[in-house]
Amino acid sequence: MAWDFETDPEFQTKLDWADAFVREEVEPLDMIWAGLEFTQLEGARRRAIEPLKEEVRRQGLWATHLVPDLGGQGYGQLKLSLLNEILGRSSWAPIVFGCQAPDTGNAEIIAHYGTSEQKERYLRPLLDGELFSCYSMTEPHAGADPTLFTTRATRDGDEWVINGWKFFSSNAKTASFLIVMAVTNPDVSAYQGMSMFLVPSETPGINIVRNVGLGAEHSGEGSHALIHYEDVRVAADALLGGEGQAFAIAQTRLGGGRIHHAMRTIGMAKSALEMTCERALSRQVQGSLLADKQFVQGYIADSYAQLAQFRLFVLYTAWTIDKYKDYKKVRKDIAAVKVLMPGVLHDIAWRAMQVHGALGVSNEMPFSRMMLGASVLGLADGPTEVHKVTVARQVLRDYKASDDQWPTRHLPKRRAAAQAKYAEYLEHEVGNL
Ligand SMILES: Cc1cc2nc3c(=O)[nH]c(=O)nc-3n(C[C@H](O)[C@H](O)[C@H](O)COP(=O)(O)OP(=O)(O)OC[C@H]3O[C@@H](n4cnc5c(N)ncnc54)[C@H](O)[C@@H]3O)c2cc1C
């Protein structure tokens with residue numbers, strides 16, 4: 001009997017350490033240096049945060065998703081999932097533990113497709129947390145459908161020349177290099193005609209036109225860049241993987257990225273549920289605690305059940321990724337998790353907000369940020385609708401059409417078949433009457 005829902009005691013000890021460490025040392029960083037997670041560590045921030053990273057390394061929890069050759073522990077996705085549930089509570093925690101998006105996904109594709117020179121130049125410092133990276137794929141006129149991308153890379157002697165526009169390239173303003181997806185052969189299908197390039201940020205021609213913010217962020221505060229690539233020249237060896245391999249590389253990257261977001265979402269949703277419960281047990285209305293009101297009990301029960309369901313699905317999916325070591329084989333479940341994720345966070349954050357009344361919608365509680373975060377999760381790494389199509393297509397692969405005008409399980413048909421199968425006994429029964 002191989003089903004087992006327990007964490008091994010040795011790793012549980014590490015999780016317990018991480019839980020206390022994040023609460024006591026890391027969550028306070030969110031209160032003083034919010035929004036600076038993806039900027040170079042300097043001055044006071046470097047002095048405060050470097051020792052925390054060191055401590056994480058000492059505990060063997062740095063970049064746990066990576067194999068030991070790359071500086072990680074080779075723990076795999078299931079253990080990362082359990083750890084990410086803790087890290088998801090804090091915006092600084094993934095940085096302190098060396099597993100922040102989008103760098104994890106970017107590191108993964110360089111590890112997988114990069115040459116040894118590319119690994120030395122980009123991967124090492126990325127894994128050491130010394131620099132940040134940017135994934136530049138979406139364009140202003142096209143996101144969900146990459147076959148519409150037009151940013152072009154043309155070969156000129158020993159160089160590639162990139163021209164085009166990209167939109168929502170997160171952290172471009174602080175990244176040391178960008179991974180740019182561009183059309184290299186417009187004469188074949190987009191699936192064979194696009195390639196990825198590793199482009200150092202200081203390359204002439206990378207024009208960040210503006211940094212777009214989310215929700216109520218002030219203009220100029222954002223970190224999602226609109227970029228005009230204008231005659232950006234890179235050496236031939238800037239190509240990541242083979243020419244025409246961009247789609248395959250994107251799938252490797254996004255598979256990991258999506259499930260990592262789901263893991264952190266559990267942490268965020270759990271903290272919203274915890275706040276709901278605390279408030280329900282603290283606030284009196286009309287003669288009793290909110291916790292005694294059936295509506296509020298309903299909120300708590302729904303949030304608890306929704307979170308438990310989602311968590312088991314994420315853990316199961318992480319376990320299957322570890323088992324097959326191939327995101328493609330787990331595509332259906334990764335897509336299904338991605339579909340559920342925005343709804344889980346939205347619903348649990350909304351209930352928390354509602355139970356907190358006016359305080360809940362104020363900027364003194366984190367719920368409106370969580371609600372916006374839920375909407376982001378329904379778009380970043382592909383919109384929910386597209387992932388539903390993937391799930392449905394994958395599910396349908398396991399079925400075939402009925403070879404008859406009636407469904408295979410049509411009751412009259414099954415009854416007739418059952419009667420034919422047991423005709424002998426049925427005749428006997430009739431005879432005995
Ligand atoms: C916070 C954030 C960070 C991001 N970071 C990055 C990044 O670092 N790098 C990067 O390259 N991109 C990034 N993106 C962009 C993201 O990948 C795109 O937003 C996403 O792929 C959707 O593309 P779009 O915004 O152009 O929407 P569109 O492609 O215009 O789609 C708009 C809407 O149309 C509907 N739709 C689309 N396709 C279908 C379909 N097949 N069937 C039914 N309905 C459909 C959906 O409702 C969808 O939301 C980020 C986005 C966000 C919000």
# chains A, B, ... in the order shown; residues from 1 in each chain; ligands from 1
call {"tool": "closest_atom_pairs", "arguments": {"of": "chain A", "to": "ligand 1", "cutoff": "7 Å", "atoms": "only C-alpha atoms and all ligand atoms", "output": "Markdown table"}}
result
| residue | atom | partner | partner_atom_place_in_ligand_line | distance |
| --- | --- | --- | --- | --- |
| A:Pro102 | CA | ligand 1 | 8 (O) | 6.8 |
| A:Cys134 | CA | ligand 1 | 8 (O) | 6.1 |
| A:Tyr135 | CA | ligand 1 | 9 (N) | 4.7 |
| A:Ser136 | CA | ligand 1 | 11 (O) | 4.2 |
| A:Met137 | CA | ligand 1 | 11 (O) | 3.4 |
| A:Thr138 | CA | ligand 1 | 11 (O) | 3.8 |
| A:Glu139 | CA | ligand 1 | 26 (O) | 6.8 |
| A:Pro140 | CA | ligand 1 | 26 (O) | 6.6 |
| A:His141 | CA | ligand 1 | 26 (O) | 6.5 |
| A:Ala142 | CA | ligand 1 | 26 (O) | 4.6 |
| A:Gly143 | CA | ligand 1 | 23 (O) | 3.2 |
| A:Ala144 | CA | ligand 1 | 29 (O) | 3.6 |
| A:Asp145 | CA | ligand 1 | 29 (O) | 5.8 |
| A:Phe167 | CA | ligand 1 | 12 (N) | 6.7 |
| A:Phe168 | CA | ligand 1 | 13 (C) | 4.7 |
| A:Ser169 | CA | ligand 1 | 9 (N) | 4.1 |
| A:Ser170 | CA | ligand 1 | 8 (O) | 3.8 |
| A:His224 | CA | ligand 1 | 3 (C) | 6.5 |
| A:Val376 | CA | ligand 1 | 53 (C) | 4.6 |
| A:Leu379 | CA | ligand 1 | 20 (C) | 5.0 |
| A:Ala380 | CA | ligand 1 | 51 (C) | 4.0 |
| A:Asp381 | CA | ligand 1 | 17 (O) | 4.5 |
| A:Gly382 | CA | ligand 1 | 21 (O) | 4.0 |
| A:Pro383 | CA | ligand 1 | 49 (O) | 4.8 |
| A:Thr384 | CA | ligand 1 | 46 (C) | 6.9 |
| A:Glu385 | CA | ligand 1 | 43 (C) | 4.9 |
| A:Val386 | CA | ligand 1 | 41 (N) | 4.8 |
call {"tool": "residues_around", "arguments": {"residues": "A:Gly129", "least_positions_apart": "4", "cutoff": "12 Å", "atoms": "only C-alpha atoms", "output": "PyMOL selection string"}}
result
chain A and resi 37-41+46+49-50+53-54+57+62-63+71+94-100+103-104+107+122-125+133+175-176
call {"tool": "write_last_selection", "arguments": {"atoms": "N, CA, C and O atoms", "output": "short mmCIF file (atom, residue, chain, number, x, y, z; two decimals), in the first residue's frame"}}
result
data_model
loop_
_atom_site.label_atom_id
_atom_site.label_comp_id
_atom_site.auth_asym_id
_atom_site.auth_seq_id
_atom_site.Cartn_x
_atom_site.Cartn_y
_atom_site.Cartn_z
N GLU A 37 12.32 43.61 -3.75
CA GLU A 37 12.82 42.23 -3.78
C GLU A 37 13.76 41.98 -4.95
O GLU A 37 14.68 41.18 -4.87
N PHE A 38 13.46 42.62 -6.09
CA PHE A 38 14.25 42.34 -7.30
C PHE A 38 15.23 43.46 -7.63
O PHE A 38 15.51 43.71 -8.78
N THR A 39 15.71 44.14 -6.59
CA THR A 39 16.75 45.13 -6.83
C THR A 39 18.05 44.63 -6.18
O THR A 39 18.00 43.84 -5.23
N GLN A 40 19.18 45.07 -6.73
CA GLN A 40 20.47 44.62 -6.19
C GLN A 40 20.54 44.90 -4.70
O GLN A 40 20.14 45.97 -4.25
N LEU A 41 21.06 43.93 -3.97
CA LEU A 41 21.22 44.13 -2.53
C LEU A 41 22.37 45.10 -2.28
O LEU A 41 23.50 44.84 -2.70
N ARG A 46 21.74 44.74 2.04
CA ARG A 46 22.73 43.66 1.88
C ARG A 46 23.18 43.17 3.26
O ARG A 46 23.25 41.96 3.50
N ILE A 49 20.29 41.11 4.75
CA ILE A 49 19.75 39.94 4.05
C ILE A 49 20.81 38.87 3.74
O ILE A 49 20.51 37.67 3.80
N GLU A 50 22.04 39.27 3.48
CA GLU A 50 23.08 38.26 3.20
C GLU A 50 23.21 37.23 4.32
O GLU A 50 23.27 36.04 4.06
N LYS A 53 20.47 34.69 4.00
CA LYS A 53 20.71 33.72 2.92
C LYS A 53 21.73 32.68 3.36
O LYS A 53 21.61 31.49 3.07
N GLU A 54 22.76 33.15 4.06
CA GLU A 54 23.80 32.25 4.55
C GLU A 54 23.20 31.21 5.48
O GLU A 54 23.53 30.03 5.42
N ARG A 57 21.43 28.62 3.57
CA ARG A 57 22.41 27.69 2.97
C ARG A 57 22.89 26.69 4.02
O ARG A 57 22.97 25.49 3.76
N TRP A 62 18.78 26.14 0.57
CA TRP A 62 18.97 27.10 -0.53
C TRP A 62 18.66 26.40 -1.86
O TRP A 62 19.17 25.31 -2.13
N ALA A 63 17.81 27.03 -2.67
CA ALA A 63 17.49 26.53 -4.02
C ALA A 63 17.23 25.03 -4.01
O ALA A 63 17.82 24.27 -4.78
N GLY A 71 24.07 23.44 -7.15
CA GLY A 71 24.10 24.16 -5.89
C GLY A 71 22.87 23.95 -5.02
O GLY A 71 22.74 24.54 -3.95
N PRO A 94 11.03 33.96 -0.96
CA PRO A 94 11.64 33.22 -2.08
C PRO A 94 13.04 33.72 -2.42
O PRO A 94 13.92 32.93 -2.79
N ILE A 95 13.28 35.03 -2.26
CA ILE A 95 14.62 35.57 -2.54
C ILE A 95 15.61 35.03 -1.51
O ILE A 95 16.71 34.59 -1.85
N VAL A 96 15.21 35.05 -0.25
CA VAL A 96 16.11 34.62 0.82
C VAL A 96 16.42 33.12 0.70
O VAL A 96 17.48 32.65 1.10
N PHE A 97 15.48 32.36 0.10
CA PHE A 97 15.67 30.91 -0.05
C PHE A 97 16.14 30.52 -1.47
O PHE A 97 16.22 29.33 -1.80
N GLY A 98 16.40 31.51 -2.33
CA GLY A 98 16.95 31.22 -3.66
C GLY A 98 16.00 30.50 -4.59
O GLY A 98 16.43 29.66 -5.39
N CYS A 99 14.71 30.78 -4.50
CA CYS A 99 13.78 30.08 -5.39
C CYS A 99 12.68 31.02 -5.88
O CYS A 99 11.52 30.62 -5.99
N GLN A 100 13.05 32.24 -6.25
CA GLN A 100 12.05 33.23 -6.67
C GLN A 100 11.75 33.13 -8.16
O GLN A 100 12.65 32.85 -8.96
N ASP A 103 13.16 33.82 -11.75
CA ASP A 103 14.53 33.31 -11.90
C ASP A 103 14.61 31.79 -11.84
O ASP A 103 15.47 31.20 -12.49
N THR A 104 13.71 31.15 -11.06
CA THR A 104 13.78 29.68 -10.99
C THR A 104 13.55 29.07 -12.37
O THR A 104 14.29 28.21 -12.82
N ALA A 107 16.46 29.85 -14.62
CA ALA A 107 17.63 29.02 -14.28
C ALA A 107 17.42 27.61 -14.82
O ALA A 107 18.35 26.99 -15.36
N TYR A 122 25.80 32.92 -16.86
CA TYR A 122 24.49 33.36 -16.36
C TYR A 122 23.95 32.53 -15.19
O TYR A 122 23.35 33.07 -14.26
N LEU A 123 24.15 31.22 -15.32
CA LEU A 123 23.49 30.35 -14.33
C LEU A 123 24.12 30.47 -12.95
O LEU A 123 23.41 30.61 -11.95
N ARG A 124 25.46 30.39 -12.92
CA ARG A 124 26.15 30.43 -11.61
C ARG A 124 25.71 31.64 -10.78
O ARG A 124 25.21 31.49 -9.68
N PRO A 125 25.91 32.87 -11.33
CA PRO A 125 25.53 34.04 -10.51
C PRO A 125 24.04 34.10 -10.21
O PRO A 125 23.62 34.58 -9.16
N SER A 133 17.09 37.99 -13.48
CA SER A 133 16.90 37.74 -14.90
C SER A 133 15.48 38.14 -15.30
O SER A 133 14.63 38.36 -14.45
N ALA A 175 17.08 43.43 -14.11
CA ALA A 175 17.70 42.18 -14.55
C ALA A 175 19.07 42.44 -15.17
O ALA A 175 19.28 43.47 -15.79
N SER A 176 19.97 41.46 -15.02
CA SER A 176 21.28 41.58 -15.66
C SER A 176 21.25 41.02 -17.07
O SER A 176 22.12 41.30 -17.88
#
call {"tool": "closest_residue", "arguments": {"among": "A:Val339, A:Val395, A:Glu10, A:Pro366", "to": "A:Asp30", "atoms": "only C-alpha atoms"}}
result
A:Pro366
call {"tool": "closest_residue", "arguments": {"among": "A:Ala246, A:Leu70, A:Ile321, A:Ala238", "to": "A:Ile334", "atoms": "only C-alpha atoms"}}
result
A:Ile321
call {"tool": "select_by_dssp", "arguments": {"residues": "stretch 187-242 of chain A", "states": "alpha helix (DSSP H)", "output": "list in words"}}
result
Ala190, Tyr191, Gln192 and Gly193 of chain A
call {"tool": "closest_atom_pairs", "arguments": {"of": "stretch 301-418 of chain A", "to": "stretch 257-277 of chain A", "cutoff": "7 Å", "atoms": "only C-alpha atoms", "output": "JSON lines"}}
result
{"residue": "A:Ser303", "atom": "CA", "partner": "A:Leu273", "partner_atom": "CA", "distance": 6.7}
{"residue": "A:Arg311", "atom": "CA", "partner": "A:Ile266", "partner_atom": "CA", "distance": 6.5}
{"residue": "A:Val314", "atom": "CA", "partner": "A:Met263", "partner_atom": "CA", "distance": 6.8}
{"residue": "A:Ile334", "atom": "CA", "partner": "A:Ile259", "partner_atom": "CA", "distance": 6.3}
{"residue": "A:Lys338", "atom": "CA", "partner": "A:Arg258", "partner_atom": "CA", "distance": 6.4}
{"residue": "A:Met341", "atom": "CA", "partner": "A:Ala262", "partner_atom": "CA", "distance": 6.2}
{"residue": "A:Leu345", "atom": "CA", "partner": "A:Ala269", "partner_atom": "CA", "distance": 5.4}
{"residue": "A:Ile348", "atom": "CA", "partner": "A:Ala269", "partner_atom": "CA", "distance": 6.1}
{"residue": "A:Ala349", "atom": "CA", "partner": "A:Ala272", "partner_atom": "CA", "distance": 5.7}
{"residue": "A:Ala352", "atom": "CA", "partner": "A:Thr276", "partner_atom": "CA", "distance": 4.8}
{"residue": "A:Val355", "atom": "CA", "partner": "A:Thr276", "partner_atom": "CA", "distance": 6.5}
{"residue": "A:Asp381", "atom": "CA", "partner": "A:Arg258", "partner_atom": "CA", "distance": 6.7}
call {"tool": "closest_residue", "arguments": {"among": "A:Leu198, A:Leu178, A:Ile206, A:Gly43", "to": "A:Gly164", "atoms": "only C-alpha atoms"}}
result
A:Ile206
call {"tool": "residues_around", "arguments": {"residues": "A:Asp8", "least_positions_apart": "6", "cutoff": "12 Å", "atoms": "only C-alpha atoms", "output": "MDAnalysis selection string"}}
result
chainID A and resid 14:15 78:79 82
call {"tool": "write_last_selection", "arguments": {"atoms": "all heavy atoms", "output": "short mmCIF file (atom, residue, chain, number, x, y, z; two decimals), in the first residue's frame"}}
result
data_model
loop_
_atom_site.label_atom_id
_atom_site.label_comp_id
_atom_site.auth_asym_id
_atom_site.auth_seq_id
_atom_site.Cartn_x
_atom_site.Cartn_y
_atom_site.Cartn_z
N LYS A 14 13.13 20.38 9.14
CA LYS A 14 13.59 21.52 8.33
C LYS A 14 12.44 22.49 8.06
O LYS A 14 12.61 23.71 8.09
CB LYS A 14 14.17 21.03 7.00
CG LYS A 14 15.49 20.31 7.16
CD LYS A 14 16.16 20.06 5.83
CE LYS A 14 17.51 19.39 5.99
NZ LYS A 14 18.49 20.22 6.70
N LEU A 15 11.26 21.92 7.80
CA LEU A 15 10.09 22.78 7.54
C LEU A 15 9.75 23.59 8.80
O LEU A 15 9.40 24.77 8.71
CB LEU A 15 8.88 21.94 7.12
CG LEU A 15 8.98 21.27 5.75
CD1 LEU A 15 7.77 20.35 5.52
CD2 LEU A 15 9.05 22.30 4.62
N LEU A 78 8.19 17.97 -4.79
CA LEU A 78 7.29 17.72 -3.66
C LEU A 78 7.79 18.45 -2.42
O LEU A 78 7.04 19.15 -1.73
CB LEU A 78 7.17 16.22 -3.41
CG LEU A 78 6.23 15.83 -2.27
CD1 LEU A 78 4.81 16.32 -2.52
CD2 LEU A 78 6.22 14.32 -2.07
N LYS A 79 9.08 18.31 -2.16
CA LYS A 79 9.63 18.98 -0.98
C LYS A 79 9.60 20.50 -1.18
O LYS A 79 9.34 21.25 -0.26
CB LYS A 79 11.04 18.48 -0.69
CG LYS A 79 11.02 17.10 -0.07
CD LYS A 79 12.38 16.60 0.29
CE LYS A 79 12.26 15.33 1.12
NZ LYS A 79 13.51 14.61 1.24
N LEU A 82 6.23 21.78 -0.25
CA LEU A 82 6.00 21.93 1.20
C LEU A 82 6.72 23.18 1.73
O LEU A 82 6.19 23.91 2.56
CB LEU A 82 6.47 20.68 1.94
CG LEU A 82 5.66 19.42 1.60
CD1 LEU A 82 6.38 18.17 2.09
CD2 LEU A 82 4.25 19.49 2.19
#
call {"tool": "atom_distance", "arguments": {"atom1": "atom CA of A:Leu214", "atom2": "atom CA of A:Ala101"}}
result
16.8 Å
